[in-house]
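Visitor: Mind having a look at this structure? Questions to follow.
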Amino acid sequence: MSAGANVSIRIGTRGSALAVAQTSTVADRLGDLAGRDTELVRVTTHGDVSRASLSSLGGTGVFAAELRSTLLEGGCDVAVHSLKDLPTAPAGGLEIAAYPPREDARDALCSAGGGAGSRLSELPAGAKVGTGSPRRAAQLRVRRPDLDVRDIRGNIETRLRFVTDGELDAVVLACAGLDRLGLAGVITERFELDEWPTAPGQGCLAVEVRAGEAIAGVADLDDPATRAAVTAERLVLAALEAGCAAPVGATARLANGELRCSASVYAVDGSNVLTASASRSVDGENAALAAAVTLASEVSEALLAQGAADLVASA
């Protein structure tokens with residue numbers, strides 16, 4: 001079934017400034033590809049209105065459930081999500097039709113002074129650093145156990161204000177979100193993925209449609225290299241039976257004919273880190289997707305053999 005060519009494509013999005021910015025980019029591209037107008041349908045999710053910590057909310061799907069319901073019920077034709085917010089289990093009646101090219105998957109430290117501020121290694125002992133992510137909190141404790149790590153909520157602007165108002169010395173945020181909002185100038189340090197793996201799917205958007213329904217132009221948004229990488233990352237997360245708020249970092253990259261996947265599982269107090277990695281040579285899109293499945297299995301099995309299930313269960 002195809003949506004009619006004489007009406008706008010309705011694109012569902014969360015209502016935050018970041019969600020609207022990233023969805024608008026997809027909408028502009030989709031409109032060009034389909035030769036049709038697009039309109040945004042803003043949806044408020046439970047994760048947007050609750051001020052409880054992400055870990056207490058359970059993390060999994062708190063930013064997606066209402067948006068998915070709107071899509072299923074016909075309130076929009078397409079939904080755009082931050083992939084890291086989506087549960088790994090398939091949603092009945094829906095399918096991810098495209099993963100647009102990924103943006104910077106790294107995390108960023110934003111301290112007072114922005115680009116001229118103190119890097120993580122330069123923050124004084126006892127410095128107050130905020131994050132709403134159990135993974136980022138664990139990583140901070142691994143790198144700097146002397147810091148005072150604070151749990152915070154709110155949109156990007158609210159989190160940055162904790163620093164500018166002097167309540168916190170720094171916050172850790174996703175590079176992609178800052179870049180999409182034109183806020184790269186507030187970044188003090190971008191953490192390299194080899195040392196600081198981020199959430200599976202971070203920096204990637206997911207374009208979701210109703211199962212079996214083709215929307216003109218949507219398939220053309222898909223980037224095969226991104227699809228292979230995030231497939232591997234999310235399969236690791238699924239195999240560990242960890243939610244999207246679990247202290248798990250995973251990084252996969254397809255480059256020069258090789259797909260490489262690595263992942264780390266953290267104790268929430270920073271007392272332990274388990275890491276595993278694997279790689280495969282690939283030739284073509286189908287081979288890359290097949291390799292993603294194989295690598296995810298190898299990496300997750302290696303982590304489970306090291307005791308990852310206990311760390312995930314205790315998070």
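Order determines the names: the first chain of the structure tokens is A, the second B, and so forth; residues in each chain are numbered 1 upward, and ligands are numbered 1 upward as they are shown.
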Write out, as CSV, each residue of segment 142-172 of chain A that has an atom at most 12 Å from segment 191-214 of chain A, together with the closest pair of atoms and their distance in Å to one decimal, counting only C-alpha atoms, rows going by chain and rising number.

Guide:
residue,atom,partner,partner_atom,distance
A:Val142,CA,A:Trp196,CA,10.4
A:Arg143,CA,A:Trp196,CA,9.6
A:Val172,CA,A:Phe191,CA,9.9

Visitor: When you look at segment 228-235 of chain A with a cut-off of 9 Å (counting only C-alpha atoms), what residues show up, excluding the ones that are within fewer than 2 positions of it in the same chain? I need them as a VMD selection string.

Guide: chain A and resid 83 to 84 87 to 88 99 199 to 202 204 223 to 226 237 to 240 249 to 254 259 to 263 285 288 to 297 300

Visitor: Need the shell around Asp151 of chain A: protein/DNA/RNA residues with any atom at most 7 Å away, counting only C-alpha atoms. Skip same-chain ones fewer than 6 positions apart. Format as a PyMOL selection string?

Guide: chain A and resi 130-132

Visitor: Return as CSV the residues of segment 14-103 of chain A lying at most 10 Å from segment 156-171 of chain A, together with the closest atom-to-atom pair for each and the distance in Å to one decimal, counting only C-alpha atoms, with rows in chain order and ascending residue number.

Guide:
residue,atom,partner,partner_atom,distance
A:Ser16,CA,A:Ile156,CA,9.3
A:Ala17,CA,A:Ile156,CA,8.7
A:Leu18,CA,A:Ile156,CA,7.9

Visitor: Near segment 35-46 of chain A, counting only C-alpha atoms, which residues have an atom at most 10 Å away, once you skip same-chain residues fewer than 3 positions from it, shown as a PyMOL selection string?

Guide: chain A and resi 4-16+19-20+23-24+26-32+49-51+57+61-70+75-79+216-217

Visitor: Which residue out of A:Asp222, A:Glu258, A:Asp179, A:Asp148 has the minimum interatomic distance to Gln22 of chain A when only C-alpha atoms are used?

Guide: A:Asp179

Visitor: Within segment 89-136 of chain A, find each residue whose DSSP state, derived from the backbone, is helix (DSSP H, G or I), and express the selection as a PyMOL selection string.

Guide: chain A and resi 114-116+120-122+134-136

Visitor: Include N, CA and C atoms and write out the residues we just selected as a short mmCIF file (atom, residue, chain, number, x, y, z; two decimals), in the first residue's frame.

Guide:
data_model
loop_
_atom_site.label_atom_id
_atom_site.label_comp_id
_atom_site.auth_asym_id
_atom_site.auth_seq_id
_atom_site.Cartn_x
_atom_site.Cartn_y
_atom_site.Cartn_z
N GLY A 114 33.48 26.22 27.35
CA GLY A 114 33.34 25.58 26.04
C GLY A 114 34.65 25.04 25.52
N GLY A 115 35.01 25.44 24.30
CA GLY A 115 36.22 24.94 23.68
C GLY A 115 37.49 25.26 24.46
N ALA A 116 37.43 26.29 25.28
CA ALA A 116 38.60 26.68 26.09
C ALA A 116 38.49 26.17 27.53
N LEU A 120 38.36 16.52 30.59
CA LEU A 120 38.05 15.60 31.68
C LEU A 120 39.25 15.39 32.60
N SER A 121 40.42 15.22 32.02
CA SER A 121 41.62 14.98 32.82
C SER A 121 42.04 16.21 33.62
N GLU A 122 41.52 17.38 33.24
CA GLU A 122 41.92 18.64 33.88
C GLU A 122 40.94 19.10 34.97
N PRO A 134 23.13 6.14 32.82
CA PRO A 134 23.90 5.24 33.68
C PRO A 134 25.22 4.81 33.04
N ARG A 135 25.24 4.63 31.72
CA ARG A 135 26.50 4.26 31.05
C ARG A 135 27.53 5.37 31.20
N ARG A 136 27.13 6.61 30.89
CA ARG A 136 28.08 7.72 31.00
C ARG A 136 28.56 7.90 32.43
#

Visitor: Of the candidates A:Arg144, A:Arg150, A:Arg190, A:His81, which shows the shortest atom-to-atom distance to Lys128 of chain A, using only C-alpha atoms?

Guide: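 Selected residue with least distance to Lys128 of chain A: A:Arg150.
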
Visitor: For the atom pair atom CA of Ser314 of chain A and atom CA of Ala276 of chain A, what is the interatomic distance in Å to one decimal place?

Guide: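 Taking atom CA of Ser314 of chain A and atom CA of Ala276 of chain A, their separation equals 19.7 Å.
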
Visitor: Go through A:Ala219, A:Ala313, A:Val265, A:Val248 and flag the residue nearest Ile96 of chain A, using only C-alpha atoms for the distances.

Guide: A:Ala219
